[in-house]
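Peer 1: Have a look at the structure that comes next, please.
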Amino acid sequence: MRGGGQQHSRGGGQRGGYSQGRGGHPGGADSRDNKEKRKRDAIFDLKKYSDKSIRVKFIGGREVTGVLKGFDQLLNIVLDEAVETMHDPENPDSSEVQQRSVGLVVLRGPSIILVSPTDGSEEIENPFVQADSAELDFASLSEATYRLADQATPLGCKVAAALGVIEEAVERYGAEHVALSFNGGKDCTALMHLVRAALHRHETRHGIASRPLVSLYVLYKRSFYEIDEFVKQSVRRYRLDLVEKSGPMKSGLESFKADHSQIKAIFVGTRKDDPYSSQLSSFSPTDSDWPQFMRVNPVLDWTFEDIWRYIHEDGVPYCCLYDQGYTSLGAVDTTTKNPALLKDGKYQPAWSLAEGCLERSGRSSTSSSSPASGLPVPEKEPGLERE
């Protein structure tokens, strides 16, 4: 799921949420106000570009060009004859690019920042993308995530299973008694997006006002500046009540338990291929000599490839270090770029790694105590685990 020291808390105030579509209020009946809101949301019209070539830019710098075949009000776009272009992440202004043909694709609206015709100079801003680090639209986020879960694809099935585990935990313990283990790694970042989607649906179905999500961040002695900045951005994007604790992990959890006695379960982004995690289940209590929490592991059966496929499919913002050749993040002095990603003198982005088993090749043997899922595992038994 997601050791003692001074605690800092960051997070936004409470704001009510109201969903549309799949995350809507009980019974599925639409009020007149909701219908009018949907009409107002239909402000993005690409009809004049149908069957014409357009260019789509994404968060993170990726671009896709192709022939427009369809779109919806949330700016999910269908392109045919699509070609993906990736710029050098270490030199985004360089004219050197990589391209690959991807055929017929569906592009997810939340990750799109710009659309423009390839024949002409008109640029069409995405009206659903807010300023960088601004709070995300949880209604749209939830709707897109549950739509992905409805797809009869391997990824759709894993997203549906993960959402099911999160929903079960919220029903079992109550939304006010769950927390997220978060440190900016890719696994717990993907999990944070899933948790927000499930919480929004739960809150709207039960008429509960949306609240900040309590999140625990156990600090490294020397962390990456980029990770710390990404965590700050995520606090705003996902409305986190971030609780920072200095390590080691066990004493940090003890301090967190003392300050947040209402928390019964913690969502962790642990995967079975993480160290010491192969015997875990979706619900695994901490060891008897650790502070008592239920570790909830929604992405336990996911792979390295699944995490990146989901991040790209659902438009999940992630730390920029993964664009620079890092595949597993820990402390600065125990983490390097993955040598398996070095090609022609340049490091490729994390998701280019062909063999997931090499994910931790950039981590030294002393870094196993702080994986990417959020809470490190102890030497013998998994407690709560940045990758």
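Chain labels A, B, ... are given in the sequence in which chains occur in the structure tokens; within each chain residues are numbered consecutively from 1, and ligands are likewise numbered from 1 in the order shown.
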Extract the full set of strand (DSSP E) residues from range 198-375 of chain A according to DSSP on the backbone, and format it as a PDB file with N, CA and C atoms, in the first residue's frame.

Peer 2:
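Output file result_20.pdb is given in full below:
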```pdb
ATOM      1  N   LEU A 213      -6.682  13.783   0.644  1.00  0.00           N
ATOM      2  CA  LEU A 213      -6.257  12.410   0.859  1.00  0.00           C
ATOM      3  C   LEU A 213      -4.984  12.395   1.704  1.00  0.00           C
ATOM      4  N   VAL A 214      -5.071  11.835   2.895  1.00  0.00           N
ATOM      5  CA  VAL A 214      -3.901  11.739   3.768  1.00  0.00           C
ATOM      6  C   VAL A 214      -2.841  10.876   3.080  1.00  0.00           C
ATOM      7  N   SER A 215      -1.626  11.401   2.979  1.00  0.00           N
ATOM      8  CA  SER A 215      -0.554  10.698   2.277  1.00  0.00           C
ATOM      9  C   SER A 215       0.734  10.793   3.083  1.00  0.00           C
ATOM     10  N   LEU A 216       1.408   9.666   3.218  1.00  0.00           N
ATOM     11  CA  LEU A 216       2.644   9.588   4.007  1.00  0.00           C
ATOM     12  C   LEU A 216       3.857   9.579   3.089  1.00  0.00           C
ATOM     13  N   TYR A 217       4.801  10.472   3.359  1.00  0.00           N
ATOM     14  CA  TYR A 217       6.050  10.558   2.594  1.00  0.00           C
ATOM     15  C   TYR A 217       7.208  10.432   3.578  1.00  0.00           C
ATOM     16  N   VAL A 218       7.867   9.271   3.576  1.00  0.00           N
ATOM     17  CA  VAL A 218       9.039   9.063   4.431  1.00  0.00           C
ATOM     18  C   VAL A 218      10.260   9.557   3.670  1.00  0.00           C
ATOM     19  N   LEU A 219      10.945  10.541   4.236  1.00  0.00           N
ATOM     20  CA  LEU A 219      11.987  11.278   3.524  1.00  0.00           C
ATOM     21  C   LEU A 219      13.324  10.553   3.509  1.00  0.00           C
ATOM     22  N   LEU A 240      -3.699  16.408  -1.825  1.00  0.00           N
ATOM     23  CA  LEU A 240      -3.159  15.529  -0.794  1.00  0.00           C
ATOM     24  C   LEU A 240      -2.945  16.286   0.507  1.00  0.00           C
ATOM     25  N   ASP A 241      -3.187  15.614   1.608  1.00  0.00           N
ATOM     26  CA  ASP A 241      -2.762  16.098   2.926  1.00  0.00           C
ATOM     27  C   ASP A 241      -1.472  15.349   3.219  1.00  0.00           C
ATOM     28  N   LEU A 242      -0.346  15.916   2.759  1.00  0.00           N
ATOM     29  CA  LEU A 242       0.930  15.209   2.791  1.00  0.00           C
ATOM     30  C   LEU A 242       1.590  15.326   4.160  1.00  0.00           C
ATOM     31  N   VAL A 243       1.907  14.176   4.726  1.00  0.00           N
ATOM     32  CA  VAL A 243       2.579  14.108   6.019  1.00  0.00           C
ATOM     33  C   VAL A 243       4.002  13.618   5.778  1.00  0.00           C
ATOM     34  N   GLU A 244       4.988  14.469   6.054  1.00  0.00           N
ATOM     35  CA  GLU A 244       6.380  14.120   5.836  1.00  0.00           C
ATOM     36  C   GLU A 244       7.007  13.638   7.139  1.00  0.00           C
ATOM     37  N   LYS A 245       7.692  12.503   7.073  1.00  0.00           N
ATOM     38  CA  LYS A 245       8.394  11.950   8.224  1.00  0.00           C
ATOM     39  C   LYS A 245       9.816  11.613   7.833  1.00  0.00           C
ATOM     40  N   SER A 246      10.752  11.886   8.708  1.00  0.00           N
ATOM     41  CA  SER A 246      12.118  11.462   8.453  1.00  0.00           C
ATOM     42  C   SER A 246      12.251   9.997   8.854  1.00  0.00           C
ATOM     43  N   ALA A 265      -5.740   1.702   7.291  1.00  0.00           N
ATOM     44  CA  ALA A 265      -5.180   1.029   6.110  1.00  0.00           C
ATOM     45  C   ALA A 265      -4.422   2.034   5.252  1.00  0.00           C
ATOM     46  N   ILE A 266      -3.350   1.557   4.612  1.00  0.00           N
ATOM     47  CA  ILE A 266      -2.522   2.409   3.763  1.00  0.00           C
ATOM     48  C   ILE A 266      -2.389   1.764   2.390  1.00  0.00           C
ATOM     49  N   PHE A 267      -2.716   2.531   1.348  1.00  0.00           N
ATOM     50  CA  PHE A 267      -2.533   2.056  -0.025  1.00  0.00           C
ATOM     51  C   PHE A 267      -1.046   2.127  -0.385  1.00  0.00           C
ATOM     52  N   PHE A 283      -4.519  -7.613   0.514  1.00  0.00           N
ATOM     53  CA  PHE A 283      -4.628  -7.077   1.869  1.00  0.00           C
ATOM     54  C   PHE A 283      -3.633  -7.838   2.750  1.00  0.00           C
ATOM     55  N   SER A 284      -2.594  -7.146   3.192  1.00  0.00           N
ATOM     56  CA  SER A 284      -1.542  -7.775   4.001  1.00  0.00           C
ATOM     57  C   SER A 284      -1.232  -6.895   5.201  1.00  0.00           C
ATOM     58  N   PRO A 285      -1.497  -7.383   6.419  1.00  0.00           N
ATOM     59  CA  PRO A 285      -1.183  -6.579   7.611  1.00  0.00           C
ATOM     60  C   PRO A 285       0.321  -6.446   7.795  1.00  0.00           C
ATOM     61  N   MET A 294      -3.178  -2.057   7.919  1.00  0.00           N
ATOM     62  CA  MET A 294      -3.430  -2.984   6.819  1.00  0.00           C
ATOM     63  C   MET A 294      -2.822  -2.383   5.562  1.00  0.00           C
ATOM     64  N   ARG A 295      -1.889  -3.102   4.967  1.00  0.00           N
ATOM     65  CA  ARG A 295      -1.321  -2.665   3.694  1.00  0.00           C
ATOM     66  C   ARG A 295      -2.257  -3.124   2.578  1.00  0.00           C
ATOM     67  N   VAL A 296      -2.711  -2.189   1.773  1.00  0.00           N
ATOM     68  CA  VAL A 296      -3.587  -2.513   0.646  1.00  0.00           C
ATOM     69  C   VAL A 296      -2.762  -2.348  -0.629  1.00  0.00           C
ATOM     70  N   LEU A 342      21.015   3.116 -22.222  1.00  0.00           N
ATOM     71  CA  LEU A 342      22.006   3.912 -22.940  1.00  0.00           C
ATOM     72  C   LEU A 342      22.119   3.408 -24.378  1.00  0.00           C
ATOM     73  N   LYS A 343      21.778   4.284 -25.323  1.00  0.00           N
ATOM     74  CA  LYS A 343      21.789   3.915 -26.733  1.00  0.00           C
ATOM     75  C   LYS A 343      22.431   5.031 -27.539  1.00  0.00           C
ATOM     76  N   LYS A 346      23.151   8.160 -25.657  1.00  0.00           N
ATOM     77  CA  LYS A 346      22.047   8.887 -25.032  1.00  0.00           C
ATOM     78  C   LYS A 346      21.161   7.920 -24.260  1.00  0.00           C
ATOM     79  N   TYR A 347      20.609   8.408 -23.147  1.00  0.00           N
ATOM     80  CA  TYR A 347      19.704   7.595 -22.348  1.00  0.00           C
ATOM     81  C   TYR A 347      18.269   7.755 -22.846  1.00  0.00           C
TER      82      TYR A 347
END
```

Peer 1: Considering only helix (DSSP H, G or I) as DSSP defines it on the backbone, what residues of range 142-301 of chain A qualify? List them as a PyMOL selection string.

Peer 2: chain A and resi 142-149+154-173+175-177+186-205+225-237+249-259

Peer 1: Please produce, as a Markdown table, a per-residue contact table for range 113-210 of chain A versus range 312-335 of chain A (criterion: any atom at most 7 Å away, only C-alpha atoms considered), showing the nearest atom pair and its distance in Å to one decimal, sorted by chain then residue number.

Peer 2:
```
| residue | atom | partner | partner_atom | distance |
| --- | --- | --- | --- | --- |
| A:Thr145 | CA | A:Asp314 | CA | 6.5 |
| A:Gly184 | CA | A:Cys319 | CA | 6.8 |
| A:Gly185 | CA | A:Leu329 | CA | 6.5 |
| A:Lys186 | CA | A:Tyr318 | CA | 6.6 |
| A:Thr189 | CA | A:Tyr318 | CA | 6.8 |
| A:Ala190 | CA | A:Val316 | CA | 6.8 |
| A:His193 | CA | A:Val316 | CA | 6.9 |
```

Peer 1: Can you pull out the residues contacting range 257-259 of chain A? Cut-off 9 Å, using only C-alpha atoms, and skip same-chain residues under 4 positions away; I want them as a list of chain:residue names.

Peer 2: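 The residues satisfying every condition are A:Gly252, A:Leu253, A:Ile263, A:Pro291, A:Gln292, A:Phe293.
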
Peer 1: For Gly164 in chain A, work out the shell of residues within 9 Å, counting only C-alpha atoms and skipping chain neighbours fewer than 5 positions away, then give it as an NGL selection string.

Peer 2: :A and (159 or 169 or 198 or 298)

Peer 1: Could you save the residues just selected, with all heavy atoms, as a PDB file, in the first residue's frame?

Peer 2:
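The resulting file, part.pdb, is shown below:
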```
ATOM      1  N   VAL A 159      -6.684  -2.689 -14.543  1.00  0.00           N
ATOM      2  CA  VAL A 159      -7.211  -1.455 -13.955  1.00  0.00           C
ATOM      3  C   VAL A 159      -8.498  -1.753 -13.192  1.00  0.00           C
ATOM      4  O   VAL A 159      -8.695  -1.270 -12.068  1.00  0.00           O
ATOM      5  CB  VAL A 159      -7.462  -0.392 -15.048  1.00  0.00           C
ATOM      6  CG1 VAL A 159      -8.221   0.808 -14.475  1.00  0.00           C
ATOM      7  CG2 VAL A 159      -6.141   0.067 -15.648  1.00  0.00           C
ATOM      8  N   ALA A 169     -11.378  -1.694  -0.009  1.00  0.00           N
ATOM      9  CA  ALA A 169     -10.718  -1.100   1.156  1.00  0.00           C
ATOM     10  C   ALA A 169     -11.509   0.087   1.691  1.00  0.00           C
ATOM     11  O   ALA A 169     -11.670   0.252   2.914  1.00  0.00           O
ATOM     12  CB  ALA A 169      -9.298  -0.665   0.790  1.00  0.00           C
ATOM     13  N   ALA A 198     -11.271   6.189  -7.709  1.00  0.00           N
ATOM     14  CA  ALA A 198     -12.196   5.388  -6.904  1.00  0.00           C
ATOM     15  C   ALA A 198     -12.829   6.209  -5.794  1.00  0.00           C
ATOM     16  O   ALA A 198     -14.028   6.072  -5.505  1.00  0.00           O
ATOM     17  CB  ALA A 198     -11.467   4.184  -6.314  1.00  0.00           C
ATOM     18  N   PRO A 298      -3.143  -2.587  -4.409  1.00  0.00           N
ATOM     19  CA  PRO A 298      -4.000  -2.717  -5.595  1.00  0.00           C
ATOM     20  C   PRO A 298      -3.266  -3.098  -6.878  1.00  0.00           C
ATOM     21  O   PRO A 298      -3.868  -3.680  -7.777  1.00  0.00           O
ATOM     22  CB  PRO A 298      -4.638  -1.326  -5.725  1.00  0.00           C
ATOM     23  CG  PRO A 298      -4.543  -0.730  -4.348  1.00  0.00           C
ATOM     24  CD  PRO A 298      -3.240  -1.241  -3.827  1.00  0.00           C
TER      25      PRO A 298
END
```
